[in-house]
>>> print(open('coords22.txt').read())   # compact mmCIF, C-alpha atoms
# COMPACT_ATOMS: atom_id res chain seq x y z
CA MET A 1 -1.33 2.35 18.99
CA LYS A 2 -1.04 -0.46 16.47
CA ILE A 3 -1.26 0.24 12.75
CA LEU A 4 -1.74 -2.60 10.27
CA ALA A 5 -0.47 -1.96 6.75
CA ILE A 6 -1.68 -4.52 4.19
CA GLY A 7 0.30 -5.26 1.02
CA ASP A 8 -1.16 -5.08 -2.48
CA ILE A 9 -4.58 -6.75 -2.54
CA VAL A 10 -4.80 -8.63 -5.85
CA GLY A 11 -8.03 -9.49 -7.66
CA ASP A 12 -11.12 -11.26 -6.39
CA CYS A 13 -9.02 -13.81 -4.52
CA GLY A 14 -7.17 -11.17 -2.52
CA THR A 15 -10.28 -9.10 -1.92
CA ASP A 16 -12.40 -12.05 -0.81
CA PHE A 17 -9.68 -13.29 1.53
CA ALA A 18 -9.04 -9.87 3.06
CA VAL A 19 -12.76 -9.41 3.69
CA MET A 20 -12.90 -12.83 5.35
CA VAL A 21 -9.88 -12.61 7.65
CA LEU A 22 -9.45 -8.91 8.41
CA PRO A 23 -11.95 -8.69 11.30
CA GLU A 24 -10.17 -11.53 13.12
CA ILE A 25 -6.72 -10.05 12.38
CA ARG A 26 -7.83 -6.75 13.87
CA ARG A 27 -9.00 -8.53 17.03
CA THR A 28 -5.93 -10.77 17.33
CA TYR A 29 -3.36 -8.02 16.89
CA GLN A 30 -5.49 -5.34 18.61
CA ILE A 31 -5.28 -3.11 15.56
CA ASP A 32 -6.32 0.52 15.97
CA LEU A 33 -5.88 1.60 12.34
CA CYS A 34 -5.71 -0.36 9.09
CA ILE A 35 -4.26 0.92 5.79
CA ALA A 36 -4.32 -1.20 2.62
CA ASN A 37 -2.88 -0.81 -0.85
CA ALA A 38 -5.76 -1.54 -3.21
CA GLU A 39 -4.44 -0.59 -6.65
CA ASN A 40 -4.76 -4.22 -7.84
CA ALA A 41 -7.89 -5.17 -5.92
CA ALA A 42 -10.14 -5.38 -8.98
CA GLU A 43 -9.85 -8.04 -11.65
CA GLY A 44 -7.40 -6.66 -14.21
CA SER A 45 -6.00 -4.14 -11.69
CA GLY A 46 -7.44 -0.93 -10.24
CA ILE A 47 -10.31 -0.59 -7.80
CA THR A 48 -14.10 -0.47 -8.12
CA GLN A 49 -16.72 1.12 -5.92
CA ASN A 50 -18.01 -2.28 -4.81
CA ILE A 51 -14.55 -3.43 -3.73
CA TYR A 52 -13.93 -0.16 -1.91
CA TYR A 53 -17.12 -0.61 0.14
CA ARG A 54 -16.49 -4.31 0.81
CA LEU A 55 -13.00 -3.66 2.16
CA SER A 56 -14.16 -0.63 4.15
CA ASP A 57 -16.89 -2.67 5.79
CA ALA A 58 -14.36 -5.41 6.63
CA GLY A 59 -12.11 -2.98 8.49
CA VAL A 60 -9.85 -1.05 6.13
CA ASP A 61 -9.70 2.56 7.36
CA GLY A 62 -7.64 4.04 4.54
CA PHE A 63 -6.62 3.06 1.01
CA THR A 64 -3.44 3.83 -0.91
CA MET A 65 -2.92 3.25 -4.61
CA GLY A 66 -0.14 3.14 -7.22
CA ASN A 67 0.58 2.87 -10.94
CA HIS A 68 -2.77 1.15 -11.62
CA THR A 69 -4.79 3.83 -9.83
CA PHE A 70 -6.87 4.82 -12.84
CA GLN A 71 -7.30 1.37 -14.40
CA LYS A 72 -11.04 1.31 -13.62
CA LYS A 73 -13.57 4.03 -14.41
CA ASP A 74 -14.72 4.15 -10.76
CA ALA A 75 -11.36 5.51 -9.61
CA VAL A 76 -11.91 9.19 -10.35
CA ALA A 77 -15.23 9.35 -8.50
CA LEU A 78 -13.84 7.38 -5.54
CA LEU A 79 -10.85 9.69 -5.23
CA GLU A 80 -12.90 12.86 -5.54
CA LYS A 81 -15.74 11.86 -3.20
CA ASN A 82 -13.92 9.99 -0.41
CA SER A 83 -11.27 11.31 1.94
CA ASP A 84 -9.97 7.85 2.90
CA ILE A 85 -8.54 6.84 -0.49
CA ILE A 86 -5.47 8.48 -2.02
CA ARG A 87 -3.20 8.10 -5.06
CA PRO A 88 0.53 8.82 -5.35
CA ALA A 89 1.14 12.48 -4.61
CA ASN A 90 3.79 12.86 -7.30
CA TYR A 91 1.33 12.56 -10.19
CA PRO A 92 1.29 15.85 -12.16
CA ASP A 93 -0.87 18.77 -11.08
CA GLY A 94 -4.48 18.47 -12.17
CA VAL A 95 -4.75 14.69 -11.77
CA PRO A 96 -7.88 13.73 -9.76
CA GLY A 97 -7.47 12.88 -6.12
CA LYS A 98 -5.00 13.73 -3.36
CA GLY A 99 -1.68 12.30 -2.27
CA TYR A 100 -2.38 12.38 1.46
CA MET A 101 -5.21 11.71 3.89
CA LEU A 102 -5.87 12.32 7.56
CA LEU A 103 -7.09 9.36 9.61
CA HIS A 104 -8.01 9.23 13.28
CA ALA A 105 -7.33 6.63 15.97
CA CYS A 106 -6.66 6.59 19.72
CA GLY A 107 -7.22 10.34 19.95
CA LYS A 108 -4.50 10.99 17.36
CA THR A 109 -4.58 12.34 13.82
CA ILE A 110 -2.42 10.33 11.45
CA GLY A 111 -1.24 11.72 8.15
CA VAL A 112 -0.90 9.06 5.46
CA ILE A 113 1.09 9.91 2.34
CA ASN A 114 1.38 7.91 -0.88
CA LEU A 115 4.32 8.29 -3.28
CA MET A 116 5.43 6.34 -6.34
CA GLY A 117 8.98 5.48 -7.30
CA ARG A 118 10.35 6.34 -10.73
CA PHE A 119 12.63 3.39 -11.51
CA ASN A 120 10.90 1.20 -14.14
CA LEU A 121 7.56 2.91 -13.46
CA LEU A 122 5.85 6.09 -14.61
CA ASN A 123 7.81 9.28 -15.27
CA LEU A 124 6.39 11.23 -12.32
CA ASP A 125 7.69 14.10 -10.22
CA CYS A 126 10.50 13.34 -7.77
CA PRO A 127 9.00 11.34 -4.86
CA PHE A 128 11.69 12.55 -2.45
CA ARG A 129 11.03 16.25 -3.05
CA THR A 130 7.29 15.65 -3.15
CA ALA A 131 7.55 13.98 0.25
CA ASP A 132 9.36 17.06 1.57
CA ALA A 133 6.46 19.26 0.44
CA LEU A 134 3.87 16.91 1.97
CA LEU A 135 5.63 16.78 5.31
CA GLU A 136 5.77 20.56 5.39
CA GLU A 137 2.07 20.79 4.53
CA LEU A 138 1.09 18.23 7.17
CA LYS A 139 3.26 19.40 10.07
CA ASP A 140 0.42 21.33 11.72
CA LYS A 141 -2.40 19.03 10.60
CA CYS A 142 -1.51 15.73 12.24
CA ASP A 143 0.36 14.11 15.11
CA PHE A 144 2.57 11.95 12.91
CA VAL A 145 2.96 10.68 9.34
CA VAL A 146 3.20 7.24 7.76
CA ALA A 147 4.14 6.65 4.13
CA ASP A 148 3.32 4.06 1.46
CA PHE A 149 6.14 4.14 -1.11
CA HIS A 150 4.92 2.27 -4.18
CA ALA A 151 8.12 1.43 -6.03
CA GLU A 152 9.92 -1.24 -8.05
CA ALA A 153 13.54 -1.04 -6.91
CA SER A 154 14.57 -2.05 -3.42
CA SER A 155 17.41 0.47 -3.63
CA GLU A 156 14.96 3.32 -4.23
CA LYS A 157 12.76 2.12 -1.38
CA ILE A 158 15.61 1.81 1.10
CA ALA A 159 16.95 5.24 0.12
CA PHE A 160 13.45 6.69 0.59
CA GLY A 161 13.20 5.10 4.03
CA TYR A 162 16.46 6.68 5.14
CA TYR A 163 15.41 9.99 3.57
CA LEU A 164 12.31 10.10 5.78
CA ASP A 165 14.00 8.56 8.84
CA GLY A 166 13.12 10.65 11.87
CA ARG A 167 10.53 12.65 9.93
CA ALA A 168 7.93 9.93 9.29
CA THR A 169 6.91 7.47 11.99
CA ALA A 170 6.62 4.57 9.52
CA VAL A 171 7.56 3.92 5.90
CA PHE A 172 6.40 0.78 4.10
CA GLY A 173 6.93 -0.28 0.51
CA THR A 174 4.40 -1.77 -1.86
CA HIS A 175 4.23 -2.85 -5.54
CA THR A 176 6.59 -5.83 -5.89
CA HIS A 177 4.12 -8.31 -4.28
CA VAL A 178 6.88 -10.21 -2.44
CA GLN A 179 7.23 -9.61 1.29
CA THR A 180 10.73 -8.60 2.36
CA ALA A 181 12.45 -9.67 5.58
CA ASP A 182 14.09 -6.33 6.39
CA GLU A 183 11.60 -4.88 8.87
CA CYS A 184 13.43 -2.66 11.33
CA ILE A 185 13.56 0.59 13.23
CA LEU A 186 15.87 2.92 11.30
CA PRO A 187 18.58 4.88 13.19
CA LYS A 188 16.46 7.97 13.77
CA GLY A 189 13.37 6.04 14.84
CA THR A 190 11.29 5.36 11.71
CA GLY A 191 9.66 1.94 11.39
CA TYR A 192 10.49 0.48 7.99
CA ILE A 193 9.94 -2.47 5.63
CA SER A 194 10.86 -2.52 1.93
CA ASP A 195 7.74 -4.38 0.81
CA LEU A 196 4.66 -5.51 2.68
CA GLY A 197 4.02 -8.33 0.22
CA MET A 198 0.83 -9.38 -1.54
CA THR A 199 -2.66 -10.35 -0.47
CA GLY A 200 -3.92 -12.88 -2.98
CA ALA A 201 -3.52 -16.37 -4.41
CA ILE A 202 -0.50 -18.25 -3.07
CA GLU A 203 -0.18 -20.54 -6.11
CA SER A 204 0.41 -17.77 -8.61
CA VAL A 205 3.09 -15.49 -10.01
CA LEU A 206 2.50 -12.21 -8.18
CA GLY A 207 -1.24 -12.89 -8.25
CA ILE A 208 -1.45 -13.88 -11.92
CA LYS A 209 -2.13 -17.46 -13.10
CA LYS A 210 1.27 -19.14 -13.14
CA GLU A 211 0.71 -20.85 -16.51
CA ILE A 212 0.27 -17.48 -18.23
CA ILE A 213 3.51 -16.06 -16.85
CA ILE A 214 5.47 -19.26 -17.60
CA ARG A 215 4.17 -19.16 -21.19
CA ARG A 216 5.24 -15.55 -21.51
CA PHE A 217 8.77 -16.35 -20.36
CA LEU A 218 8.97 -19.39 -22.66
CA THR A 219 7.66 -17.66 -25.79
CA GLN A 220 8.40 -13.96 -25.21
CA MET A 221 4.95 -13.36 -26.72
CA PRO A 222 2.30 -11.05 -25.21
CA GLN A 223 -0.20 -12.81 -22.96
CA LYS A 224 -3.51 -11.73 -21.51
CA PHE A 225 -3.10 -11.65 -17.74
CA GLU A 226 -5.72 -13.37 -15.58
CA ASN A 227 -5.75 -13.25 -11.79
CA ALA A 228 -5.32 -16.57 -10.02
CA TYR A 229 -7.82 -17.88 -7.51
CA GLY A 230 -7.36 -20.46 -4.76
CA LYS A 231 -5.71 -20.72 -1.35
CA ALA A 232 -4.75 -17.21 -0.32
CA ARG A 233 -2.40 -15.31 1.97
CA LEU A 234 -2.67 -11.83 3.49
CA CYS A 235 0.70 -10.14 3.90
CA GLY A 236 1.45 -6.95 5.77
CA ALA A 237 3.11 -5.48 8.83
CA VAL A 238 2.02 -4.21 12.22
CA PHE A 239 3.66 -1.01 13.44
CA THR A 240 3.52 -0.28 17.17
CA ILE A 241 3.49 3.46 17.94
CA ASP A 242 4.10 4.82 21.46
CA GLU A 243 2.56 7.85 23.17
CA ASN A 244 5.39 10.02 21.80
CA ASN A 245 4.43 9.07 18.21
CA ARG A 246 7.53 6.92 17.78
CA CYS A 247 7.58 3.48 16.25
CA THR A 248 8.80 0.93 18.79
CA ALA A 249 8.26 -2.30 16.83
CA VAL A 250 7.58 -3.62 13.34
CA GLU A 251 6.14 -7.12 12.94
CA ARG A 252 5.71 -8.83 9.58
CA ILE A 253 2.54 -10.89 9.27
CA ALA A 254 1.47 -13.49 6.71
CA VAL A 255 -1.96 -14.98 7.39
CA VAL A 256 -3.25 -18.01 5.47
>>> encode(input="coords22.txt", output="structure tokens")
Amino acid sequence: MKILAIGDIVGDCGTDFAVMVLPEIRRTYQIDLCIANAENAAEGSGITQNIYYRLSDAGVDGFTMGNHTFQKKDAVALLEKNSDIIRPANYPDGVPGKGYMLLHACGKTIGVINLMGRFNLLNLDCPFRTADALLEELKDKCDFVVADFHAEASSEKIAFGYYLDGRATAVFGTHTHVQTADECILPKGTGYISDLGMTGAIESVLGIKKEIIIRRFLTQMPQKFENAYGKARLCGAVFTIDENNRCTAVERIAVV
């Protein structure tokens, strides 16, 4: 089985490009299951119903989110009505949506969990202990588990990968929008990468118009962020899973 995990889709540029290239990527890499982080897919962050349907039709099987989950008003309805979109599980009790989903491919049931780091992000419940609870809940519901850890610090992400090593089949990081070169199989068999990277405008600063971010650094004054548009790149990773539900390879991809 081959699972494609797509890094943060940013704005109209990232969404349009993903819709355009994803069908061919699925054919080229013989993808059986596609998971995408879509917390920035709408202009100004978040996700809308229209974007959700466009990406679903293009070949995204499951959506994970992050700190911008509730940026758009559509988010609550999407999370409550659809089983293939989740938000970080370590939000407090009572928040709309779920922190895991069950997807199906190649005769297997795959549990997908979504956690958010706490360093320089929201003050949420402990992602490590929340992951323990999710793995316990899912042990009889699926064949194996993969995790999207939406976090700022590479140290927190790497620690999380080792924490789930041998318990999750794959762990991939999102949020920082820059693809890391540390893809590997951890000692106990978990496929890992610290950050999948970004799907969006290449000539930008993390998907935002570069002039705006440069001005902010020069002046230290607040700026209204606007997503960049132009030549784009889709970043992600392909995880190869064997018949014993073990990850045997992790391949970074960057499609332009």
>>> atom_distance(input="coords22.txt", atom1="atom CA of Arg252 of chain A", atom2="atom CA of Tyr229 of chain A")
23.6 Å
>>> closest_residue(input="coords22.txt", among="A:Tyr91, A:Asp16, A:Ile85, A:Arg26", to="Arg54 of chain A", atoms="all atoms listed in the file")
A:Asp16
>>> atom_distance(input="coords22.txt", atom1="atom CA of His177 of chain A", atom2="atom CA of Gly7 of chain A")
7.2 Å
>>> closest_residue(input="coords22.txt", among="A:Ser45, A:Phe17, A:Lys2, A:Arg118", to="Ser155 of chain A", atoms="only C-alpha atoms")
A:Arg118
>>> closest_residue(input="coords22.txt", among="A:Asn40, A:Thr64, A:Asn227, A:Asn82", to="Ile208 of chain A", atoms="only C-alpha atoms")
A:Asn227
>>> residues_around(input="coords22.txt", residues="Val205 of chain A", least_positions_apart="2", cutoff="12 Å", atoms="only C-alpha atoms", output="PDB file with C-alpha atoms, in the frame of the given file")
ATOM      1  CA  VAL A  10      -4.800  -8.630  -5.850  1.00  0.00           C
ATOM      2  CA  THR A 176       6.590  -5.830  -5.890  1.00  0.00           C
ATOM      3  CA  HIS A 177       4.120  -8.310  -4.280  1.00  0.00           C
ATOM      4  CA  VAL A 178       6.880 -10.210  -2.440  1.00  0.00           C
ATOM      5  CA  MET A 198       0.830  -9.380  -1.540  1.00  0.00           C
ATOM      6  CA  GLY A 200      -3.920 -12.880  -2.980  1.00  0.00           C
ATOM      7  CA  ALA A 201      -3.520 -16.370  -4.410  1.00  0.00           C
ATOM      8  CA  ILE A 202      -0.500 -18.250  -3.070  1.00  0.00           C
ATOM      9  CA  GLU A 203      -0.180 -20.540  -6.110  1.00  0.00           C
ATOM     10  CA  GLY A 207      -1.240 -12.890  -8.250  1.00  0.00           C
ATOM     11  CA  ILE A 208      -1.450 -13.880 -11.920  1.00  0.00           C
ATOM     12  CA  LYS A 209      -2.130 -17.460 -13.100  1.00  0.00           C
ATOM     13  CA  LYS A 210       1.270 -19.140 -13.140  1.00  0.00           C
ATOM     14  CA  GLU A 211       0.710 -20.850 -16.510  1.00  0.00           C
ATOM     15  CA  ILE A 212       0.270 -17.480 -18.230  1.00  0.00           C
ATOM     16  CA  ILE A 213       3.510 -16.060 -16.850  1.00  0.00           C
ATOM     17  CA  ILE A 214       5.470 -19.260 -17.600  1.00  0.00           C
ATOM     18  CA  ARG A 215       4.170 -19.160 -21.190  1.00  0.00           C
ATOM     19  CA  ARG A 216       5.240 -15.550 -21.510  1.00  0.00           C
ATOM     20  CA  PHE A 217       8.770 -16.350 -20.360  1.00  0.00           C
ATOM     21  CA  PHE A 225      -3.100 -11.650 -17.740  1.00  0.00           C
ATOM     22  CA  GLU A 226      -5.720 -13.370 -15.580  1.00  0.00           C
ATOM     23  CA  ASN A 227      -5.750 -13.250 -11.790  1.00  0.00           C
ATOM     24  CA  ALA A 228      -5.320 -16.570 -10.020  1.00  0.00           C
ATOM     25  CA  TYR A 229      -7.820 -17.880  -7.510  1.00  0.00           C
TER      26      TYR A 229
END
>>> atom_distance(input="coords22.txt", atom1="atom CA of Lys72 of chain A", atom2="atom CA of Asn50 of chain A")
11.8 Å
>>> closest_residue(input="coords22.txt", among="A:Ala237, A:Ala58, A:Ala232, A:Val171", to="Asp12 of chain A", atoms="only C-alpha atoms")
A:Ala232
>>> residues_around(input="coords22.txt", residues="Ala5 of chain A", least_positions_apart="4", cutoff="6 Å", atoms="all atoms listed in the file", output="number ranges by chain")
A: 34-36, 236-237
>>> closest_residue(input="coords22.txt", among="A:Ala254, A:Leu121, A:Ala105, A:Val76", to="Ala151 of chain A", atoms="only C-alpha atoms")
A:Leu121
>>> closest_residue(input="coords22.txt", among="A:Ser83, A:Thr169, A:Ser204, A:Thr240", to="Cys13 of chain A", atoms="only C-alpha atoms")
A:Ser204
>>> residues_around(input="coords22.txt", residues="segment 46-49 of chain A", least_positions_apart="4", cutoff="9 Å", atoms="all atoms listed in the file", output="NGL selection string")
:A and (11 or 38-42 or 53-54 or 65-75 or 77-78)
>>> residues_around(input="coords22.txt", residues="Phe239 of chain A", least_positions_apart="6", cutoff="12 Å", atoms="all atoms listed in the file", output="VMD selection string")
chain A and resid 1 to 6 29 to 35 146 169 to 172 183 to 185 190 to 193 196 245 to 253
